[in-house]
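Student: I am attaching a structure below and will ask some questions about it afterwards.
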Amino acid sequence: MNNIELKYGRAKKIIGVVSGKGGVGKSTVTASLAVSLANKGYRVGILDADIFGPSIPRILGIEDVKGKVEIVNPQEVAFTPVTTKEGIKLVSFNSYIAREEDVAMWRGPRLTATLTQLYQNTHWEELDYMLIDMPPGTGDTALTVMQSYNLESIVVVSTPQSMVSMIVKKLTSMANSLGIRVSGIVQNMSYLECGGCSEKINIFSSKSAKEHTLEIGEIFLGELPMDPKLTESMEKKEFSKYVISRPEFAELAGNLEIMG
Ligand SMILES: Nc1ncnc2c1ncn2[C@@H]1O[C@H](COP(=O)(O)OP(=O)(O)OP(=O)(O)O)[C@@H](O)[C@H]1O
């Protein structure tokens, strides 16, 4: 399948953020990487490719802001992204519909055609990084993105559990067979912080996040704690403040700068 080129801008690196299973924190990690990279001075865009469950606008606290759609010709429209206060350019299905609870009841071909328009026909201008928040799993959308969007690599978000690792291996096999490089694995909700001591309490398994990553056979990009303050920060629209205050996120973005 041919590569699809961006019509209105350029991105130096396009990185897909993927997960084997839903709910492991892929969108949270995508948004946190965007905040950390923007904080380091990079020009960052996010394509929220999770059209059935677009959560990035809420994570970044801009669910009430709408992007603009302009009609280029009867077959084609162009999109202006929503820009966050951190300067991140976001394109999400929810930013172009009237009510965020409205649903896209579409089968695969319509879904991928719409996503491709969002990818290709957005006024991205100049980006250092475009992060694509993919729907979970190895389905239709993941296949289209990996086959025809100019991906530099993928970052895989997981939780340190053998069952999830098994599903992640399916995803990395898919990437390998399509010639897509895997930058590494982020192990999310990996541990709890002990209040009052520096100990990390593993949540899912006695094995460490690094050991789980080695079992998958990929590079360990980092681990993040399960922290109720993270969810609270989204509710208070203070996600970027939270991310910037925690060294784990800057470390993760630093590892992506090296491996991405
Ligand atoms: N490290 C964390 N600590 C606490 N809560 C977290 C953490 N990471 C994610 N969450 C919470 O877990 C839930 C799922 O996260 P998120 O939406 O990022 O997952 P996802 O993998 O993108 O899900 P899906 O692919 O099904 O859309 C959210 O409510 C989010 O706030």
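Labels for the structure tokens follow display order: chains A, B, ..., residues from 1 in each chain, ligands from 1.
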Extract, using only C-alpha atoms, all DNA, RNA and protein residues at most 7 Å from segment 161-170 of chain A, discarding same-chain residues fewer than 3 positions from it, and format them as a list in words.

Tutor: Ser19, Gly20, Ser158, Ser173, Met174, Phe204, Ser205 and Ile216 of chain A

Student: Which of segment 25-239 of chain A end up as helix (DSSP H, G or I) when DSSP is run on this backbone - answer as a ChimeraX atom specification?

Tutor: /A:26-39,56-59,93-96,108-120,140-148,162-177,209-216,228-235,239

Student: When the cut-off is 8 Å and you count only C-alpha atoms and all ligand atoms, which residues lie near ligand 1, shown as a count of residues only?

Tutor: 33

Student: Write out as a list in words each polymer residue whose atoms come within 12 Å of Glu125 of chain A, counting only C-alpha atoms; drop sequence neighbours fewer than 6 positions from it.

Tutor: Leu6, Lys7, Tyr8, Gly9, Arg10, Ala11, Lys12, Arg43, Val44, Gly45, Phe79, Thr80, Pro81, Ile88 and Lys89 of chain A

Student: So which one's closest to Ile244 of chain A, A:Gln75, A:Gln187, A:Phe220, A:Ser32? Using only C-alpha atoms, please.

Tutor: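 When distances to Ile244 of chain A are compared using only C-alpha atoms, the smallest one comes from A:Ser32.
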
Student: List every residue of segment 11-220 of chain A that DSSP, applied to the backbone of this structure, assigns to strand (DSSP E or B), and report them as a PyMOL selection string.

Tutor: chain A and resi 11-19+44-48+68-73+76-80+82-83+89-92+122+125-133+149+153-158+182-193+200-202+220

Student: Could you work out how far atom CA of Leu131 of chain A lies from atom CA of Val35 of chain A, giving the answer in Å with one decimal?

Tutor: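 A separation of 11.2 Å between them.
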
Student: Calculated over only C-alpha atoms, which of the candidates A:Asn176, A:Glu248, A:Met146, A:Thr159 has the smallest distance to His212 of chain A?

Tutor: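 When distances to His212 of chain A are compared using only C-alpha atoms, the smallest one comes from A:Thr159.
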
Student: For segment 98-102 of chain A, list every protein, DNA or RNA residue within 9 Å, evaluated using only C-alpha atoms, and leave out those in the same chain fewer than 3 positions away; present the list as a ChimeraX atom specification.

Tutor: /A:63-64,66,93-95

Student: Just to be explicit: take each residue in the selection above, keep C-alpha atoms, and write the result as an mmCIF file, in the first residue's frame.

Tutor:
```cif
data_model
loop_
_atom_site.group_PDB
_atom_site.id
_atom_site.type_symbol
_atom_site.label_atom_id
_atom_site.label_comp_id
_atom_site.auth_asym_id
_atom_site.auth_seq_id
_atom_site.Cartn_x
_atom_site.Cartn_y
_atom_site.Cartn_z
ATOM 1 C CA GLU A 63 -13.198 19.252 25.191
ATOM 2 C CA ASP A 64 -15.223 22.479 24.814
ATOM 3 C CA LYS A 66 -13.998 23.093 18.473
ATOM 4 C CA PHE A 93 -13.085 13.419 15.954
ATOM 5 C CA ASN A 94 -14.782 14.932 19.002
ATOM 6 C CA SER A 95 -13.405 18.391 18.186
#
```

Student: What separation in Å, quoted to one decimal, exists between atom CA of Val77 of chain A and atom CA of Val91 of chain A?

Tutor: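 Value for the atom CA of Val77 of chain A-atom CA of Val91 of chain A distance: 13.8 Å.
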
Student: Would you mind reading off the distance between atom CA of Ser240 of chain A and atom CA of Tyr191 of chain A, one decimal, in Å?

Tutor: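 Between atom CA of Ser240 of chain A and atom CA of Tyr191 of chain A the gap works out to 21.2 Å.
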
Student: Give the answer as one residue: which of A:Lys207, A:Lys40, A:Lys68, A:Lys85 has the shortest atom-to-atom distance to Phe239 of chain A, using only C-alpha atoms?

Tutor: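 Ranked by minimum distance to Phe239 of chain A, first place goes to A:Lys85.
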
Student: Could you tell me which of A:Asp128, A:Glu223, A:Glu238, A:Asp48 comes closest to Asn255 of chain A if we count only C-alpha atoms?

Tutor: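 Smallest distance to Asn255 of chain A is found for A:Glu223.
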
Student: Given only C-alpha atoms as the basis, pick out the residue of A:Glu235, A:Glu152, A:Glu218, A:Glu193 nearest to Pro57 of chain A.

Tutor: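 Between A:Glu235, A:Glu152, A:Glu218, A:Glu193, the residue approaching Pro57 of chain A most closely is A:Glu235.
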
Student: Go through A:Tyr42, A:Phe52, A:Phe249, A:Tyr96 one by one, measure the shortest atom-to-atom distance of each to Leu127 of chain A using only C-alpha atoms, and give the residue with the smallest value.

Tutor: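 With only C-alpha atoms as the atom set, the closest residue is A:Tyr42.
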
Student: I'd like the neighbourhood of Ile219 of chain A as a PyMOL selection string, where a residue qualifies if any of its atoms comes within 8 Å (using only C-alpha atoms), though same-chain residues fewer than 2 positions away should be ignored.

Tutor: chain A and resi 183-185+213-214+217+221
